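Worksheet: one structure, shown below.
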Amino acid sequence: MMRRFLNLFMPALAGWLAACGSLRAEMTNAAPDFKQVYDLLRTNLGGMSDEQLNTVAVEGLLKALHGRATLVGGPANRAHPQGRPELIESAVLEGDIAYLRVAQVGGSLADQLAAAYHGLASTNKIAGVTLDLRFAGGNDYAAAAATADLFTTRKMPLLKWDHEVEESRPAKELISGPLMILINSETSGAAEALAAALREADAGLILGSPTAGLAMSTRDFPLKNGQSLRIAANPVRLGDSAVISRVQPDITVTVSLDDERAFLKNPYGMLTPNENPAATDTNDFLAFVDHTSEADLVRQKLDDGEDSGAATPPPSKGPQKPVIQDPVLARAVDLIRGLAIVQKSRL
């Protein structure tokens, strides 16, 4: 009888003890009370004023929230003016691929993108577009929907946030051709919403790595020092009410953030200043891009006498044309090339 009792009781006792151990471990590993730690530091930490300790505490707290709360306005933002351009790069790669790089999604982005694209297309036969949203952010979701309109061909609900619903309104002059959207873990907010909306509208393919997961509407709360605390309040949704969390790429290309920052300055990577004199005094992306337009090539052919029966000059023995080393951008260019070949073969 006693043995039967022990056989029934011991497993229950073991489970109870294990649960107590887990609870004790959780209590031991739980984070200490913030106010207690702050008060102890304020009272006992030498060489730091209350103001300095407050600054460190605020900066550390906001950093740990990974963009879900930020300070805006006031003295802390004077070095980062709000008038930063939304579109910061536009160029033609490989002779016929439009490259458009976004810094932040704001009110004039759609107009800037349209003007940049049609400017490139006026002197080049564009085979496709690469929209680079790596490291892009913003909180203007209406601007994200307006930008998506440049690439969408049908009316549909695009984005929802708070009590707002934005439907697509296809632009009169659409940006046509294959579209590749580049993202990474620093793509956040309205830039994430733009990428998600473009995929929802079947406008293009997304390449890179998952986004930050910060597509959320925000509220600003005034602070005593004149700044405001901007807090991410509610998630932004697609037109079908699906929450936009971390946007997953259609094609994953893994690159470290440091390498991606370097590639944004020089997409060819392997070049040195000696190989490209234009890069000697600048790290600007455009210094490494071939700016020869289709019109320039036609003029060059005429100057070389190709249309007048003159002998074809021998091939140049100069340095080889550089190859894009940025893995994400290179994959996008290859896909556009492949799609162009497929489309041509169907004609």
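We label chains A, B, ... in the order they appear in the structure tokens, count residues from 1 in each chain, and number ligands from 1 in the order shown.
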
Closest atom pairs, region 123-175 of chain A residues within 12 Å of region 250-263 of chain A, only C-alpha atoms, as a tab-separated table:
residue	atom	partner	partner_atom	distance
A:Asp132	CA	A:Glu260	CA	11.4
A:Leu133	CA	A:Glu260	CA	11.9
A:Arg134	CA	A:Glu260	CA	8.4
A:Phe135	CA	A:Arg261	CA	8.7

File of the preceding selection, C-alpha atoms, as a PDB file, in the first residue's frame:
ATOM      1  CA  ASP A 132      16.394  50.747 -52.784  1.00  0.00           C
ATOM      2  CA  LEU A 133      14.654  51.012 -49.392  1.00  0.00           C
ATOM      3  CA  ARG A 134      17.612  49.779 -47.338  1.00  0.00           C
ATOM      4  CA  PHE A 135      18.101  52.043 -44.278  1.00  0.00           C
TER       5      PHE A 135
END

task: Check region 45-176 of chain A with DSSP on the backbone and list each residue it calls helix (DSSP H, G or I), as an NGL selection string.
output: :A and (50-64 or 75-77 or 109-121 or 141-148)

For region 98-112 of chain A: contacts at 9 Å, only C-alpha atoms, fewer than 3 positions along chain excluded, given as a PDB file with N, CA and C atoms, in the first residue's frame:
ATOM      1  N   ARG A  84      15.271  66.703 -44.638  1.00  0.00           N
ATOM      2  CA  ARG A  84      16.128  65.769 -45.350  1.00  0.00           C
ATOM      3  C   ARG A  84      15.429  65.266 -46.607  1.00  0.00           C
ATOM      4  N   PRO A  85      16.141  65.242 -47.758  1.00  0.00           N
ATOM      5  CA  PRO A  85      15.486  64.778 -48.995  1.00  0.00           C
ATOM      6  C   PRO A  85      14.992  63.344 -48.854  1.00  0.00           C
ATOM      7  N   GLU A  86      13.833  63.070 -49.452  1.00  0.00           N
ATOM      8  CA  GLU A  86      13.322  61.698 -49.406  1.00  0.00           C
ATOM      9  C   GLU A  86      14.073  60.796 -50.387  1.00  0.00           C
ATOM     10  N   LEU A  87      14.332  61.286 -51.597  1.00  0.00           N
ATOM     11  CA  LEU A  87      15.067  60.522 -52.608  1.00  0.00           C
ATOM     12  C   LEU A  87      16.489  61.054 -52.658  1.00  0.00           C
ATOM     13  N   ILE A  88      17.472  60.180 -52.414  1.00  0.00           N
ATOM     14  CA  ILE A  88      18.847  60.689 -52.331  1.00  0.00           C
ATOM     15  C   ILE A  88      19.769  60.163 -53.428  1.00  0.00           C
ATOM     16  N   GLU A  89      19.333  59.200 -54.212  1.00  0.00           N
ATOM     17  CA  GLU A  89      20.144  58.737 -55.336  1.00  0.00           C
ATOM     18  C   GLU A  89      19.235  58.395 -56.509  1.00  0.00           C
ATOM     19  N   SER A  90      19.655  58.776 -57.716  1.00  0.00           N
ATOM     20  CA  SER A  90      18.992  58.309 -58.930  1.00  0.00           C
ATOM     21  C   SER A  90      20.059  58.194 -60.002  1.00  0.00           C
ATOM     22  N   ALA A  91      20.119  57.041 -60.645  1.00  0.00           N
ATOM     23  CA  ALA A  91      21.169  56.791 -61.631  1.00  0.00           C
ATOM     24  C   ALA A  91      20.728  55.660 -62.542  1.00  0.00           C
ATOM     25  N   VAL A  92      21.451  55.512 -63.652  1.00  0.00           N
ATOM     26  CA  VAL A  92      21.233  54.389 -64.554  1.00  0.00           C
ATOM     27  C   VAL A  92      22.400  53.428 -64.391  1.00  0.00           C
ATOM     28  N   LEU A  93      22.096  52.179 -64.052  1.00  0.00           N
ATOM     29  CA  LEU A  93      23.108  51.143 -63.888  1.00  0.00           C
ATOM     30  C   LEU A  93      23.129  50.233 -65.108  1.00  0.00           C
ATOM     31  N   GLY A  95      23.697  50.618 -67.991  1.00  0.00           N
ATOM     32  CA  GLY A  95      23.217  51.177 -69.245  1.00  0.00           C
ATOM     33  C   GLY A  95      21.715  51.311 -69.388  1.00  0.00           C
ATOM     34  N   ALA A 115       9.691  62.292 -61.027  1.00  0.00           N
ATOM     35  CA  ALA A 115      10.548  63.211 -61.775  1.00  0.00           C
ATOM     36  C   ALA A 115      11.905  62.577 -62.082  1.00  0.00           C
ATOM     37  N   ALA A 116      12.477  61.877 -61.099  1.00  0.00           N
ATOM     38  CA  ALA A 116      13.785  61.248 -61.302  1.00  0.00           C
ATOM     39  C   ALA A 116      13.702  60.152 -62.350  1.00  0.00           C
ATOM     40  N   TYR A 117      12.666  59.310 -62.253  1.00  0.00           N
ATOM     41  CA  TYR A 117      12.550  58.209 -63.211  1.00  0.00           C
ATOM     42  C   TYR A 117      12.350  58.731 -64.637  1.00  0.00           C
ATOM     43  N   LEU A 120      15.497  60.071 -66.120  1.00  0.00           N
ATOM     44  CA  LEU A 120      16.402  59.013 -66.588  1.00  0.00           C
ATOM     45  C   LEU A 120      15.879  58.384 -67.880  1.00  0.00           C
ATOM     46  N   ALA A 121      14.565  58.167 -67.937  1.00  0.00           N
ATOM     47  CA  ALA A 121      13.975  57.504 -69.100  1.00  0.00           C
ATOM     48  C   ALA A 121      14.004  58.385 -70.346  1.00  0.00           C
ATOM     49  N   ILE A 126      14.927  52.328 -70.523  1.00  0.00           N
ATOM     50  CA  ILE A 126      14.975  51.668 -69.220  1.00  0.00           C
ATOM     51  C   ILE A 126      14.369  50.266 -69.313  1.00  0.00           C
ATOM     52  N   ALA A 127      15.147  49.272 -68.870  1.00  0.00           N
ATOM     53  CA  ALA A 127      14.680  47.876 -68.893  1.00  0.00           C
ATOM     54  C   ALA A 127      13.988  47.472 -67.602  1.00  0.00           C
ATOM     55  N   GLY A 128      14.247  48.189 -66.518  1.00  0.00           N
ATOM     56  CA  GLY A 128      13.653  47.853 -65.234  1.00  0.00           C
ATOM     57  C   GLY A 128      14.093  48.844 -64.172  1.00  0.00           C
ATOM     58  N   VAL A 129      13.516  48.715 -62.981  1.00  0.00           N
ATOM     59  CA  VAL A 129      13.757  49.673 -61.900  1.00  0.00           C
ATOM     60  C   VAL A 129      14.154  48.930 -60.632  1.00  0.00           C
ATOM     61  N   THR A 130      15.174  49.447 -59.963  1.00  0.00           N
ATOM     62  CA  THR A 130      15.549  48.976 -58.631  1.00  0.00           C
ATOM     63  C   THR A 130      15.240  50.078 -57.635  1.00  0.00           C
ATOM     64  N   LEU A 131      14.317  49.809 -56.711  1.00  0.00           N
ATOM     65  CA  LEU A 131      13.927  50.766 -55.672  1.00  0.00           C
ATOM     66  C   LEU A 131      14.599  50.341 -54.375  1.00  0.00           C
ATOM     67  N   ASP A 132      15.577  51.116 -53.940  1.00  0.00           N
ATOM     68  CA  ASP A 132      16.394  50.747 -52.784  1.00  0.00           C
ATOM     69  C   ASP A 132      15.820  51.380 -51.519  1.00  0.00           C
ATOM     70  N   LEU A 133      15.228  50.542 -50.657  1.00  0.00           N
ATOM     71  CA  LEU A 133      14.654  51.012 -49.392  1.00  0.00           C
ATOM     72  C   LEU A 133      15.508  50.597 -48.204  1.00  0.00           C
ATOM     73  N   ARG A 134      16.733  50.149 -48.446  1.00  0.00           N
ATOM     74  CA  ARG A 134      17.612  49.779 -47.338  1.00  0.00           C
ATOM     75  C   ARG A 134      17.970  51.030 -46.529  1.00  0.00           C
ATOM     76  N   PHE A 135      17.833  50.944 -45.218  1.00  0.00           N
ATOM     77  CA  PHE A 135      18.101  52.043 -44.278  1.00  0.00           C
ATOM     78  C   PHE A 135      17.076  53.175 -44.403  1.00  0.00           C
ATOM     79  N   ALA A 136      15.979  52.958 -45.114  1.00  0.00           N
ATOM     80  CA  ALA A 136      14.955  53.995 -45.259  1.00  0.00           C
ATOM     81  C   ALA A 136      13.924  53.876 -44.144  1.00  0.00           C
ATOM     82  N   GLY A 137      13.340  55.015 -43.760  1.00  0.00           N
ATOM     83  CA  GLY A 137      12.331  55.028 -42.704  1.00  0.00           C
ATOM     84  C   GLY A 137      11.203  55.975 -43.054  1.00  0.00           C
ATOM     85  N   GLY A 138      10.664  56.645 -42.043  1.00  0.00           N
ATOM     86  CA  GLY A 138       9.571  57.587 -42.231  1.00  0.00           C
ATOM     87  C   GLY A 138       8.322  57.147 -41.501  1.00  0.00           C
ATOM     88  N   ASN A 139       7.421  58.116 -41.262  1.00  0.00           N
ATOM     89  CA  ASN A 139       6.161  57.843 -40.568  1.00  0.00           C
ATOM     90  C   ASN A 139       4.947  58.301 -41.366  1.00  0.00           C
ATOM     91  N   ASP A 140       5.146  58.667 -42.634  1.00  0.00           N
ATOM     92  CA  ASP A 140       4.065  59.199 -43.449  1.00  0.00           C
ATOM     93  C   ASP A 140       3.491  58.059 -44.300  1.00  0.00           C
ATOM     94  N   TYR A 141       2.430  57.432 -43.792  1.00  0.00           N
ATOM     95  CA  TYR A 141       1.867  56.266 -44.489  1.00  0.00           C
ATOM     96  C   TYR A 141       1.015  56.683 -45.687  1.00  0.00           C
ATOM     97  N   ALA A 142       0.482  57.888 -45.677  1.00  0.00           N
ATOM     98  CA  ALA A 142      -0.206  58.398 -46.862  1.00  0.00           C
ATOM     99  C   ALA A 142       0.797  58.570 -47.997  1.00  0.00           C
ATOM    100  N   ALA A 143       2.007  59.016 -47.678  1.00  0.00           N
ATOM    101  CA  ALA A 143       3.057  59.151 -48.693  1.00  0.00           C
ATOM    102  C   ALA A 143       3.481  57.792 -49.219  1.00  0.00           C
ATOM    103  N   ALA A 144       3.472  56.767 -48.362  1.00  0.00           N
ATOM    104  CA  ALA A 144       3.799  55.411 -48.814  1.00  0.00           C
ATOM    105  C   ALA A 144       2.779  54.935 -49.842  1.00  0.00           C
ATOM    106  N   ALA A 146       0.843  56.874 -51.730  1.00  0.00           N
ATOM    107  CA  ALA A 146       0.974  57.702 -52.933  1.00  0.00           C
ATOM    108  C   ALA A 146       2.152  57.239 -53.786  1.00  0.00           C
ATOM    109  N   THR A 147       3.229  56.818 -53.135  1.00  0.00           N
ATOM    110  CA  THR A 147       4.393  56.323 -53.874  1.00  0.00           C
ATOM    111  C   THR A 147       4.081  54.989 -54.546  1.00  0.00           C
ATOM    112  N   ALA A 148       3.358  54.137 -53.840  1.00  0.00           N
ATOM    113  CA  ALA A 148       2.969  52.854 -54.433  1.00  0.00           C
ATOM    114  C   ALA A 148       2.105  53.054 -55.675  1.00  0.00           C
ATOM    115  N   ASP A 149       1.343  54.161 -55.724  1.00  0.00           N
ATOM    116  CA  ASP A 149       0.489  54.439 -56.885  1.00  0.00           C
ATOM    117  C   ASP A 149       1.292  54.547 -58.178  1.00  0.00           C
ATOM    118  N   LEU A 150       2.566  54.902 -58.086  1.00  0.00           N
ATOM    119  CA  LEU A 150       3.398  55.042 -59.284  1.00  0.00           C
ATOM    120  C   LEU A 150       3.639  53.707 -59.977  1.00  0.00           C
ATOM    121  N   GLY A 189       9.212  51.540 -40.541  1.00  0.00           N
ATOM    122  CA  GLY A 189       8.079  52.457 -40.628  1.00  0.00           C
ATOM    123  C   GLY A 189       7.410  52.482 -41.987  1.00  0.00           C
ATOM    124  N   ALA A 190       7.263  53.698 -42.526  1.00  0.00           N
ATOM    125  CA  ALA A 190       6.551  53.869 -43.792  1.00  0.00           C
ATOM    126  C   ALA A 190       7.276  53.199 -44.954  1.00  0.00           C
ATOM    127  N   ALA A 191       8.600  53.027 -44.859  1.00  0.00           N
ATOM    128  CA  ALA A 191       9.338  52.323 -45.913  1.00  0.00           C
ATOM    129  C   ALA A 191       8.947  50.844 -45.935  1.00  0.00           C
ATOM    130  N   LEU A 194       5.548  50.693 -47.561  1.00  0.00           N
ATOM    131  CA  LEU A 194       5.665  50.842 -49.007  1.00  0.00           C
ATOM    132  C   LEU A 194       6.049  49.521 -49.657  1.00  0.00           C
TER     133      LEU A 194
END

List the spatial neighbours of Ala145 (chain A) as a compact mmCIF listing (two decimals) with C-alpha atoms, in the first residue's frame - criterion: any atom at most 9 Å away, only C-alpha atoms, same-chain residues fewer than 4 positions off excluded.
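Full text of part-v3.txt as output:
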# COMPACT_ATOMS: atom_id res chain seq x y z
CA TYR A 141 1.87 56.27 -44.49
CA ASP A 149 0.49 54.44 -56.88
CA LEU A 158 -3.50 49.50 -49.92
CA LEU A 159 -2.92 50.55 -46.30
CA GLU A 166 -5.70 54.55 -48.34
CA GLU A 167 -6.72 53.06 -51.67
CA SER A 168 -4.47 52.90 -54.71
CA ARG A 169 -4.96 55.58 -57.33
CA ALA A 193 4.63 49.75 -45.51
CA LEU A 194 5.66 50.84 -49.01
CA ALA A 197 2.00 47.53 -50.36

query: How many Å lie between CA of Ser217 (chain A) and CA of Val247 (chain A), rounded to one decimal?
result: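 Atom-to-atom, CA of Ser217 (chain A) and CA of Val247 (chain A) are spaced 16.3 Å apart.
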
query: In region 69-305 of chain A, what's strand (DSSP E) per DSSP? Answer as number ranges by chain?
result: A: 69-72, 87-93, 97-102, 128-132, 157-161, 164-167, 179-183, 205-208, 216-222, 228-235, 237-238, 251-252

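Among the candidates A:Pro210, A:Pro267, A:Gly204, A:Pro222, the one nearest to Leu335 (chain A) when counting only C-alpha atoms is A:Gly204.
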
Set out as a Markdown table a contact list for region 125-226 of chain A and region 324-333 of chain A with a cut-off of 8 Å, giving each residue of region 125-226 of chain A that qualifies its closest atom pair and distance in Å to one decimal, counting only C-alpha atoms, ordered by chain and rising residue number.
| residue | atom | partner | partner_atom | distance |
| --- | --- | --- | --- | --- |
| A:Thr130 | CA | A:Ala332 | CA | 6.9 |
| A:Met180 | CA | A:Ala332 | CA | 5.9 |
| A:Leu182 | CA | A:Val328 | CA | 7.2 |
| A:Leu207 | CA | A:Val328 | CA | 6.7 |
| A:Gly208 | CA | A:Val328 | CA | 6.0 |

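Closest approach to Ala212 (chain A) among A:Ile175, A:Ile183, A:Val72, A:Ala232 is made by A:Ile183 (distances from only C-alpha atoms).
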
Contact residues around region 235-240 of chain A with only C-alpha atoms at 6 Å, ignoring same-chain residues under 6 positions, as JSON, numbers by chain: {"A": [157, 158, 159, 160, 161, 215, 216]}

Emit the selected residues as a compact mmCIF listing (two decimals), in the first residue's frame, including C-alpha atoms.
# COMPACT_ATOMS: atom_id res chain seq x y z
CA PRO A 157 -7.21 49.13 -50.67
CA LEU A 158 -3.50 49.50 -49.92
CA LEU A 159 -2.92 50.55 -46.30
CA LYS A 160 -4.91 51.00 -43.09
CA TRP A 161 -3.84 52.74 -39.89
CA ALA A 215 5.29 49.91 -39.39
CA MET A 216 3.15 51.52 -36.71

- prompt: What is the CA of Val165 (chain A)-CA of Ala201 (chain A) distance in Å, reported with one decimal?
  reply: 15.5 Å
